[in-house]
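This is entry-v5.txt. It holds compact mmCIF, C-alpha atoms.
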# COMPACT_ATOMS: atom_id res chain seq x y z
CA MET A 194 -46.36 79.67 108.83
CA MET A 195 -44.94 81.14 105.62
CA ILE A 196 -42.41 78.30 105.29
CA ARG A 197 -45.14 75.71 105.79
CA THR A 198 -47.28 77.33 103.06
CA ALA A 199 -44.30 77.39 100.69
CA LEU A 200 -43.53 73.72 101.45
CA VAL A 201 -47.14 72.67 100.79
CA ALA A 202 -47.08 74.64 97.52
CA CYS A 203 -43.86 72.86 96.42
CA ILE A 204 -45.24 69.43 97.27
CA THR A 205 -48.45 70.20 95.39
CA LEU A 206 -46.46 71.40 92.37
CA LEU A 207 -44.31 68.25 92.36
CA ALA A 208 -47.34 65.96 92.67
CA ALA A 209 -49.08 67.71 89.79
CA SER A 210 -46.05 67.69 87.45
CA PRO A 211 -45.75 64.90 84.85
CA ALA A 212 -43.55 61.91 85.60
CA LEU A 213 -40.01 61.93 84.37
CA ALA A 214 -39.80 61.28 80.64
CA ALA A 215 -39.05 57.63 79.92
CA ALA A 216 -39.68 54.99 77.25
CA ASP A 217 -41.75 51.92 78.14
CA VAL A 218 -42.15 49.16 75.53
CA THR A 219 -44.85 46.48 75.74
CA VAL A 220 -45.53 43.44 73.58
CA ALA A 221 -48.71 41.55 72.64
CA ILE A 222 -49.21 38.46 70.46
CA ASP A 223 -52.33 38.24 68.32
CA ALA A 224 -52.81 34.56 67.47
CA PRO A 225 -55.61 32.71 65.69
CA THR A 226 -58.24 31.34 68.08
CA GLY A 227 -57.75 27.91 66.55
CA VAL A 228 -55.92 26.50 63.58
CA TYR A 229 -56.19 23.05 62.02
CA VAL A 230 -53.21 20.73 62.25
CA TYR A 231 -50.74 21.55 59.44
CA ASP A 232 -52.79 24.55 58.24
CA THR A 233 -50.99 27.86 58.26
CA GLY A 234 -51.78 30.19 61.14
CA SER A 235 -50.96 33.90 60.91
CA PHE A 236 -49.54 35.61 64.00
CA ASP A 237 -49.01 39.32 64.66
CA VAL A 238 -46.67 40.55 67.38
CA THR A 239 -47.24 44.20 68.28
CA VAL A 240 -44.64 46.24 70.13
CA SER A 241 -45.90 49.51 71.62
CA ASN A 242 -44.18 52.38 73.39
CA VAL A 243 -46.54 53.44 76.17
CA GLY A 244 -43.92 55.71 77.71
CA ASN A 245 -43.58 59.43 77.18
CA LYS A 246 -40.19 59.38 75.43
CA THR A 247 -38.99 57.79 72.17
CA ALA A 248 -37.74 54.21 72.69
CA LYS A 249 -34.34 53.54 71.12
CA GLY A 250 -32.84 50.29 69.89
CA VAL A 251 -36.18 48.48 70.03
CA LYS A 252 -36.22 44.78 69.20
CA VAL A 253 -38.51 41.85 69.77
CA THR A 254 -37.51 38.20 70.03
CA ILE A 255 -40.12 35.57 69.19
CA ALA A 256 -39.47 32.00 70.38
CA LEU A 257 -41.27 29.40 68.26
CA PRO A 258 -42.22 25.87 69.42
CA VAL A 259 -39.39 23.34 69.09
CA THR A 260 -39.06 19.62 68.56
CA ASN A 261 -37.93 17.39 71.40
CA THR A 262 -37.01 14.34 69.34
CA SER A 263 -33.55 15.25 68.18
CA PRO A 264 -30.20 16.23 69.63
CA ILE A 265 -30.44 19.24 67.30
CA VAL A 266 -33.34 21.64 68.04
CA HIS A 267 -35.69 22.34 65.14
CA ILE A 268 -38.79 24.48 64.84
CA MET A 269 -41.88 22.37 65.41
CA GLY A 270 -43.89 22.65 62.22
CA THR A 271 -43.22 24.64 59.08
CA LEU A 272 -42.35 28.32 59.34
CA GLY A 273 -43.67 30.25 56.35
CA SER A 274 -43.21 33.91 55.61
CA TYR A 275 -42.17 36.44 58.24
CA SER A 276 -41.67 40.20 58.37
CA ASN A 277 -38.60 41.50 56.56
CA LYS A 278 -37.52 43.24 59.79
CA CYS A 279 -36.80 39.81 61.28
CA SER A 280 -34.05 37.22 60.99
CA LEU A 281 -34.22 33.56 62.00
CA SER A 282 -31.68 31.81 64.21
CA ASP A 283 -32.49 28.33 65.52
CA ASN A 284 -36.09 28.66 66.74
CA GLU A 285 -36.06 32.45 67.31
CA LEU A 286 -37.17 35.29 65.11
CA THR A 287 -35.31 38.44 66.14
CA CYS A 288 -36.81 41.64 64.77
CA SER A 289 -34.90 44.93 64.90
CA LEU A 290 -37.42 47.76 65.03
CA GLY A 291 -35.14 50.77 65.59
CA ARG A 292 -36.81 53.78 67.24
CA LEU A 293 -40.41 53.80 68.42
CA ARG A 294 -41.93 57.17 69.26
CA LYS A 295 -44.10 57.66 72.33
CA ASN A 296 -47.65 56.31 72.02
CA LYS A 297 -46.77 54.48 68.77
CA SER A 298 -46.81 50.79 67.85
CA THR A 299 -45.34 48.57 65.18
CA THR A 300 -46.27 45.02 64.21
CA VAL A 301 -44.28 42.10 62.85
CA SER A 302 -46.01 39.07 61.38
CA PHE A 303 -45.21 35.44 60.67
CA ASN A 304 -47.00 32.33 59.42
CA ILE A 305 -46.48 28.83 60.78
CA ALA A 306 -48.13 25.45 60.19
CA LEU A 307 -48.00 23.30 63.30
CA PRO A 308 -48.28 19.52 63.66
CA GLN A 309 -50.25 17.53 66.18
CA SER A 310 -48.37 17.52 69.47
CA SER A 311 -48.91 16.09 72.92
CA ALA A 312 -46.87 18.98 74.36
CA PRO A 313 -48.36 22.48 74.34
CA LEU A 314 -47.28 24.53 71.34
CA VAL A 315 -46.24 27.85 72.86
CA VAL A 316 -45.11 31.05 71.16
CA ASP A 317 -43.27 33.55 73.38
CA ALA A 318 -42.33 37.15 72.60
CA GLU A 319 -40.07 39.54 74.48
CA ALA A 320 -39.58 43.21 73.58
CA GLU A 321 -36.73 45.40 74.72
CA ALA A 322 -35.41 48.90 74.21
CA ALA A 323 -32.07 50.43 75.16
CA ASN A 324 -33.82 53.03 77.32
CA ASP A 325 -36.81 51.04 78.61
CA SER A 326 -37.94 52.13 82.07
CA SER A 327 -40.28 49.26 82.98
CA PHE A 328 -39.72 45.57 82.37
CA GLY A 329 -42.90 44.07 83.82
CA ASN A 330 -44.79 44.38 80.53
CA ASN A 331 -42.12 43.25 78.06
CA THR A 332 -43.26 39.65 77.52
CA ASP A 333 -46.28 37.83 76.16
CA SER A 334 -47.01 34.18 75.53
CA VAL A 335 -49.72 32.26 73.71
CA THR A 336 -50.50 28.54 73.52
CA VAL A 337 -51.75 27.64 70.05
CA ALA A 338 -55.10 25.84 69.99
CA LEU A 339 -54.91 23.06 67.40
CA LEU A 340 -58.06 21.81 65.73
CA ASN A 341 -58.47 18.39 64.12
CA ASP A 342 -60.61 17.29 61.23
CA SER A 343 -63.28 14.81 62.20
CA ILE A 344 -62.78 11.53 60.35
CA SER A 345 -65.04 8.51 60.59
CA TRP A 346 -63.44 5.10 60.12
CA THR A 347 -65.20 2.04 58.76
CA GLY A 348 -63.39 -1.26 58.43
CA ASP A 349 -59.60 -1.61 58.24
CA VAL A 350 -57.81 1.52 57.07
CA ASP A 351 -54.09 2.07 56.58
CA ALA A 352 -52.82 5.17 58.37
CA HIS A 353 -49.49 6.93 57.78
CA ASN A 354 -47.65 9.32 60.05
CA ARG A 355 -46.21 12.09 57.91
CA HIS A 356 -44.59 13.97 60.78
CA CYS A 357 -41.02 13.11 61.67
CA THR A 358 -38.48 15.82 62.37
CA GLY A 359 -34.88 15.85 63.43
CA GLN A 360 -31.52 14.58 62.36
CA GLY A 361 -29.57 11.54 63.42
CA LEU A 362 -32.68 9.78 64.72
CA THR A 363 -32.58 6.04 65.30

Turn the structure described in the file into structure tokens.
Amino acid sequence: MMIRTALVACITLLAASPALAAADVTVAIDAPTGVYVYDTGSFDVTVSNVGNKTAKGVKVTIALPVTNTSPIVHIMGTLGSYSNKCSLSDNELTCSLGRLRKNKSTTVSFNIALPQSSAPLVVDAEAEAANDSSFGNNTDSVTVALLNDSISWTGDVDAHNRHCTGQGLT
């Protein structure tokens, strides 16, 4: 009976003790609810450490919408300013964030003006840390809602397409 009581006490103690210390980074994209075609939209990407240990080597990669009209991939639209923690390569902003203490967050921002598109304009973000313990919450994605100005036409009107991207197009 004494051994059984000791065993129950050990199990109770283990169940009541905090989980092993580990970092756990998450990512969330805050996008405008709607932005007019070719107007600049401001996006914030927040990386949080919801774990109970400092996350090391934290970075976030943000994939921007791309053209599909060229053999060379280009960002769809015009990328404006972006956080100085980030560097651009092809259509990806990679942001090195260093260490992120437990229960802390950091945000990187960028501005982009997007054209009219028949394909969805999607922004993806993925966070990672060298010592991340959980990978199910490391990605977020948002489809940008484009708004159009209402224009009424009367009679014959010349219209011009000012959106053409790519190189070596025929």

Practice item. Do a neighbour search on Val220 (chain A) at 9 Å with all atoms listed in the file, toss out local chain neighbours closer than 2 positions, and write the hits as a list in words. Key: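 Once the nearby chain positions are removed, what remains is Val218, Ile222, Val238, Thr239, Val240, Ser241, Val253, Ala318, Glu319, Ala320, Asn330, Asn331, Thr332 and Asp333 of chain A.
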
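Ranking A:Leu290, A:Val350, A:Ala216, A:Cys279 by their shortest atom-to-atom distance to Phe303 (chain A), with all atoms listed in the file included, puts A:Cys279 first.
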
Exercise for review: Go through A:Asp317, A:Asp232, A:Asp325, A:Asp283 one by one, measure the shortest atom-to-atom distance of each to Thr254 (chain A) using only C-alpha atoms, and give the residue with the smallest value.
Suggested key: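 The answer is A:Asp317, which sits nearest to Thr254 (chain A).
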
**Study point:** Ser302 (chain A) environment, 12 Å, all atoms listed in the file, sequence neighbours closer than 2 positions dropped, as a list in words
**Key:**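 With the cut-off at 12 Å, the set is Ala221, Ile222, Asp223, Ala224, Gly234, Ser235, Phe236, Asp237, Val238, Thr239, Val240, Val253, Ile255, Leu272, Gly273, Ser274, Tyr275, Ser276, Asn277, Lys278, Cys279, Leu286, Thr287, Cys288, Thr299, Thr300, Asn304, Ile305 and Ala318 of chain A.
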
Kindly save the residues from that selection, with C-alpha atoms included, as a PDB file, in the frame of the given file.
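Output contents, as saved in result-v5.pdb:
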ATOM      1  CA  ALA A 221     -48.710  41.550  72.640  1.00  0.00           C
ATOM      2  CA  ILE A 222     -49.210  38.460  70.460  1.00  0.00           C
ATOM      3  CA  ASP A 223     -52.330  38.240  68.320  1.00  0.00           C
ATOM      4  CA  ALA A 224     -52.810  34.560  67.470  1.00  0.00           C
ATOM      5  CA  GLY A 234     -51.780  30.190  61.140  1.00  0.00           C
ATOM      6  CA  SER A 235     -50.960  33.900  60.910  1.00  0.00           C
ATOM      7  CA  PHE A 236     -49.540  35.610  64.000  1.00  0.00           C
ATOM      8  CA  ASP A 237     -49.010  39.320  64.660  1.00  0.00           C
ATOM      9  CA  VAL A 238     -46.670  40.550  67.380  1.00  0.00           C
ATOM     10  CA  THR A 239     -47.240  44.200  68.280  1.00  0.00           C
ATOM     11  CA  VAL A 240     -44.640  46.240  70.130  1.00  0.00           C
ATOM     12  CA  VAL A 253     -38.510  41.850  69.770  1.00  0.00           C
ATOM     13  CA  ILE A 255     -40.120  35.570  69.190  1.00  0.00           C
ATOM     14  CA  LEU A 272     -42.350  28.320  59.340  1.00  0.00           C
ATOM     15  CA  GLY A 273     -43.670  30.250  56.350  1.00  0.00           C
ATOM     16  CA  SER A 274     -43.210  33.910  55.610  1.00  0.00           C
ATOM     17  CA  TYR A 275     -42.170  36.440  58.240  1.00  0.00           C
ATOM     18  CA  SER A 276     -41.670  40.200  58.370  1.00  0.00           C
ATOM     19  CA  ASN A 277     -38.600  41.500  56.560  1.00  0.00           C
ATOM     20  CA  LYS A 278     -37.520  43.240  59.790  1.00  0.00           C
ATOM     21  CA  CYS A 279     -36.800  39.810  61.280  1.00  0.00           C
ATOM     22  CA  LEU A 286     -37.170  35.290  65.110  1.00  0.00           C
ATOM     23  CA  THR A 287     -35.310  38.440  66.140  1.00  0.00           C
ATOM     24  CA  CYS A 288     -36.810  41.640  64.770  1.00  0.00           C
ATOM     25  CA  THR A 299     -45.340  48.570  65.180  1.00  0.00           C
ATOM     26  CA  THR A 300     -46.270  45.020  64.210  1.00  0.00           C
ATOM     27  CA  ASN A 304     -47.000  32.330  59.420  1.00  0.00           C
ATOM     28  CA  ILE A 305     -46.480  28.830  60.780  1.00  0.00           C
ATOM     29  CA  ALA A 318     -42.330  37.150  72.600  1.00  0.00           C
TER      30      ALA A 318
END

Practice item. Could you give me, as an MDAnalysis selection string, the residues that have an atom at most 12 Å away from the point (-35.3, 48.9, 79.9) in the coordinates of the file, using all atoms listed in the file? Key: chainID A and resid 215:219 242 244 248:252 319:331

Practice item. Could you please determine the separation between CA of Ser334 (chain A) and CA of Ala214 (chain A) in Å, to one decimal place? Key: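 Going from CA of Ser334 (chain A) over to CA of Ala214 (chain A), I get 28.5 Å.
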
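If you look at CA of Leu314 (chain A) and CA of Ala338 (chain A), they are 8.0 Å away from each other.
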
**Study point:** Residues within 6 Å of Pro258 (chain A), only C-alpha atoms, excluding chain neighbours under 5 positions, as a list in words
**Key:** Ile268, Met269, Leu314 and Val315 of chain A

Review point. What is the CA of Ser310 (chain A) to CA of Leu339 (chain A) distance in Å?
Key: 8.8 Å
